[in-house]
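Undergrad: Okay, here's the structure, questions in a sec.
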Amino acid sequence: MRRWDAEAVRRALQLYLVMGSVNTTRDPVEVLRQAITGGITLFQFREKGTGALAGEARRTLALRLREVCGQHGIPFIVNDDVELAVAVEADGVHVGQDDADAALVRARIGDGRMLGVSAHSALEARRAVQAGADYLGVGPMYPTRSKADAHAVLGPAGVAELRAAGIAVPVVGIGGITPDTAAAVMAAGADGVAVISAIAGAADVHAATAQLAAITRREQA
């Protein structure tokens with residue numbers, strides 16, 4: 001398999017849904033379907049937090065979500081579990097600074113799968129790129145309740161600082177982003193926005209996704 005080129009990654013990052021079973025009170029498979037019809041361009045299975053599934057139940061949900069993504073041509077990323085990603089034939093893996101070493105993950109998944117790495121500074125960004133990251137997840141952009149272990153808020157300025165430091169790889173902003181703030185993240189230099197509750201917790205998933213998709217498409221045009 002070929003490695004994802006930068007342009008393909010930039011297109012995929014436009015509207016990135018991150019979700020696990022703990023992020024919604026509904027069937028996550030149905031939430032994903034509605035989000036896909038609304039316009040997401042990438043999906044990450046992140047099964048963490050109180051009440052998260054484990055073992056076979058976790059693998060089964062991953063397979064169900066992977067199938068839906070495959071049916072619609074949406075890349076499927078697994079958060080911080082290389083073995084699960086390989087087992088379900090995911091399109092890639094995303095790891096945080098406190099997760100597995102990015103270089104070791106790249107070696108395990110090969111060049112054919114996408115590798116995303118969280119970065120909170122230019123130093124972390126450069127190390128991630130050297131380790132083989134295809135994109136950087138930068139944040140939190142704003143205060144967020146979706147991640148109990150979230151770092152200090154960087155704001156869109158955090159993305160702008162990375163760009164000013166010469167970090168040219170694809171970047172997605174994450175953390176507390178809403179339709180009211182997505183444009184500012186894009187304007188700072190991000191190639192897309194990643195959200196959890198703004199879609200997974202929305203009363204109308206399709207409508208919430210479509211609203212965000214319209215913003216990210218406009219800002220990329």
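In the structure tokens, the first chain shown is A, the next is B, and so on; residue numbers restart at 1 for each chain, and ligands run from 1 in the order shown.
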I'd like to know which residues of chain A are alpha helix (DSSP H) (by DSSP, run on the backbone); could you write them as a PyMOL selection string?
TA: chain A and resi 6-13+28-38+55-72+82-87+102-109+122-131+156-164+182-187+197-200+205-220
Undergrad: Which residues are near Asp91 (chain A)? Cut-off 6 Å, only C-alpha atoms, ignore same chain within fewer than 5 positions. Put them as a list of chain:residue names.
TA: A:Pro75, A:Phe76, A:Ile77, A:Arg113
Undergrad: Using only C-alpha atoms, which of the listed residues (A:Gly55, A:Gly49, A:Gly116, A:Gly173) sits closest to Ala194 (chain A)?
TA: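 Residue with the minimum atom-to-atom distance to Ala194 (chain A): A:Gly173.
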Undergrad: Go ahead and compute the interatomic distance for CA of Asp5 (chain A) and CA of Ala133 (chain A), in Å to one decimal.
TA: 11.3 Å
Undergrad: Check the smallest atom-to-atom distance from each of A:Gly73, A:Gly39, A:Leu115, A:Leu15 to Gln220 (chain A) using only C-alpha atoms, then report the winner.
TA: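 Between A:Gly73, A:Gly39, A:Leu115, A:Leu15, the residue approaching Gln220 (chain A) most closely is A:Leu15.
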Undergrad: Which residues come within 9 Å of Ala188 (chain A), counting only C-alpha atoms, excluding same-chain residues fewer than 2 positions away, as a list of chain:residue names?
TA: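 Answer for this query is A:Pro156, A:Ala157, A:Gly158, A:Val159, A:Ala160, A:Glu161, A:Arg163, A:Ala183, A:Ala184, A:Val185, A:Met186, A:Ala190.
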Undergrad: Please produce an output containing all heavy atoms for each residue in the selection, written as a PDB file, in the first residue's frame.
TA:
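Result file follows (result.pdb):
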```pdb
ATOM      1  N   PRO A 156      -6.483  29.069  18.699  1.00  0.00           N
ATOM      2  CA  PRO A 156      -6.024  29.105  17.307  1.00  0.00           C
ATOM      3  C   PRO A 156      -4.598  29.631  17.174  1.00  0.00           C
ATOM      4  O   PRO A 156      -3.878  29.275  16.238  1.00  0.00           O
ATOM      5  CB  PRO A 156      -7.036  30.033  16.639  1.00  0.00           C
ATOM      6  CG  PRO A 156      -8.287  29.858  17.442  1.00  0.00           C
ATOM      7  CD  PRO A 156      -7.801  29.729  18.856  1.00  0.00           C
ATOM      8  N   ALA A 157      -4.176  30.458  18.130  1.00  0.00           N
ATOM      9  CA  ALA A 157      -2.801  30.975  18.101  1.00  0.00           C
ATOM     10  C   ALA A 157      -1.777  29.845  18.136  1.00  0.00           C
ATOM     11  O   ALA A 157      -0.671  29.981  17.599  1.00  0.00           O
ATOM     12  CB  ALA A 157      -2.568  31.923  19.279  1.00  0.00           C
ATOM     13  N   GLY A 158      -2.154  28.722  18.747  1.00  0.00           N
ATOM     14  CA  GLY A 158      -1.247  27.578  18.791  1.00  0.00           C
ATOM     15  C   GLY A 158      -0.968  27.026  17.404  1.00  0.00           C
ATOM     16  O   GLY A 158       0.161  26.603  17.103  1.00  0.00           O
ATOM     17  N   VAL A 159      -1.991  27.026  16.549  1.00  0.00           N
ATOM     18  CA  VAL A 159      -1.805  26.586  15.163  1.00  0.00           C
ATOM     19  C   VAL A 159      -0.949  27.596  14.414  1.00  0.00           C
ATOM     20  O   VAL A 159      -0.011  27.244  13.691  1.00  0.00           O
ATOM     21  CB  VAL A 159      -3.165  26.415  14.451  1.00  0.00           C
ATOM     22  CG1 VAL A 159      -2.953  26.077  12.978  1.00  0.00           C
ATOM     23  CG2 VAL A 159      -3.985  25.332  15.134  1.00  0.00           C
ATOM     24  N   ALA A 160      -1.261  28.873  14.583  1.00  0.00           N
ATOM     25  CA  ALA A 160      -0.510  29.929  13.909  1.00  0.00           C
ATOM     26  C   ALA A 160       0.970  29.890  14.287  1.00  0.00           C
ATOM     27  O   ALA A 160       1.848  30.103  13.438  1.00  0.00           O
ATOM     28  CB  ALA A 160      -1.111  31.292  14.244  1.00  0.00           C
ATOM     29  N   GLU A 161       1.253  29.590  15.548  1.00  0.00           N
ATOM     30  CA  GLU A 161       2.638  29.527  16.006  1.00  0.00           C
ATOM     31  C   GLU A 161       3.386  28.377  15.347  1.00  0.00           C
ATOM     32  O   GLU A 161       4.564  28.508  15.002  1.00  0.00           O
ATOM     33  CB  GLU A 161       2.680  29.397  17.524  1.00  0.00           C
ATOM     34  CG  GLU A 161       2.288  30.680  18.252  1.00  0.00           C
ATOM     35  CD  GLU A 161       2.110  30.486  19.741  1.00  0.00           C
ATOM     36  OE1 GLU A 161       2.431  29.381  20.238  1.00  0.00           O
ATOM     37  OE2 GLU A 161       1.656  31.424  20.415  1.00  0.00           O
ATOM     38  N   ARG A 163       2.720  27.110  12.375  1.00  0.00           N
ATOM     39  CA  ARG A 163       2.962  27.504  10.989  1.00  0.00           C
ATOM     40  C   ARG A 163       4.109  28.511  10.914  1.00  0.00           C
ATOM     41  O   ARG A 163       4.970  28.427  10.023  1.00  0.00           O
ATOM     42  CB  ARG A 163       1.692  28.090  10.381  1.00  0.00           C
ATOM     43  CG  ARG A 163       0.540  27.101  10.214  1.00  0.00           C
ATOM     44  CD  ARG A 163       0.955  25.860   9.477  1.00  0.00           C
ATOM     45  NE  ARG A 163      -0.184  25.051   9.042  1.00  0.00           N
ATOM     46  CZ  ARG A 163      -0.089  23.765   8.708  1.00  0.00           C
ATOM     47  NH1 ARG A 163       1.086  23.141   8.786  1.00  0.00           N
ATOM     48  NH2 ARG A 163      -1.149  23.093   8.301  1.00  0.00           N
ATOM     49  N   ALA A 183     -14.229  28.589  12.096  1.00  0.00           N
ATOM     50  CA  ALA A 183     -13.596  29.434  11.083  1.00  0.00           C
ATOM     51  C   ALA A 183     -12.294  30.033  11.590  1.00  0.00           C
ATOM     52  O   ALA A 183     -11.326  30.164  10.840  1.00  0.00           O
ATOM     53  CB  ALA A 183     -14.559  30.538  10.652  1.00  0.00           C
ATOM     54  N   ALA A 184     -12.255  30.393  12.868  1.00  0.00           N
ATOM     55  CA  ALA A 184     -11.039  30.988  13.439  1.00  0.00           C
ATOM     56  C   ALA A 184      -9.898  29.977  13.455  1.00  0.00           C
ATOM     57  O   ALA A 184      -8.732  30.335  13.236  1.00  0.00           O
ATOM     58  CB  ALA A 184     -11.316  31.490  14.852  1.00  0.00           C
ATOM     59  N   VAL A 185     -10.222  28.715  13.710  1.00  0.00           N
ATOM     60  CA  VAL A 185      -9.199  27.660  13.725  1.00  0.00           C
ATOM     61  C   VAL A 185      -8.634  27.472  12.319  1.00  0.00           C
ATOM     62  O   VAL A 185      -7.418  27.365  12.125  1.00  0.00           O
ATOM     63  CB  VAL A 185      -9.787  26.343  14.259  1.00  0.00           C
ATOM     64  CG1 VAL A 185      -8.749  25.225  14.193  1.00  0.00           C
ATOM     65  CG2 VAL A 185     -10.285  26.528  15.698  1.00  0.00           C
ATOM     66  N   MET A 186      -9.518  27.451  11.330  1.00  0.00           N
ATOM     67  CA  MET A 186      -9.081  27.312   9.942  1.00  0.00           C
ATOM     68  C   MET A 186      -8.238  28.510   9.521  1.00  0.00           C
ATOM     69  O   MET A 186      -7.204  28.367   8.867  1.00  0.00           O
ATOM     70  CB  MET A 186     -10.287  27.162   9.025  1.00  0.00           C
ATOM     71  CG  MET A 186     -11.170  25.968   9.312  1.00  0.00           C
ATOM     72  SD  MET A 186     -10.422  24.385   8.867  1.00  0.00           S
ATOM     73  CE  MET A 186     -10.449  24.486   7.075  1.00  0.00           C
ATOM     74  N   ALA A 190      -5.005  25.866  10.176  1.00  0.00           N
ATOM     75  CA  ALA A 190      -5.369  24.447  10.237  1.00  0.00           C
ATOM     76  C   ALA A 190      -5.979  24.007   8.909  1.00  0.00           C
ATOM     77  O   ALA A 190      -6.590  24.795   8.191  1.00  0.00           O
ATOM     78  CB  ALA A 190      -6.363  24.203  11.368  1.00  0.00           C
TER      79      ALA A 190
END
```
Undergrad: Can you list, as JSON, numbers by chain, every protein, DNA or RNA residue that comes within 8 Å of Pro28 (chain A) when you count only C-alpha atoms, leaving out same-chain residues fewer than 5 positions away?
TA: {"A": [19, 20, 21, 65]}
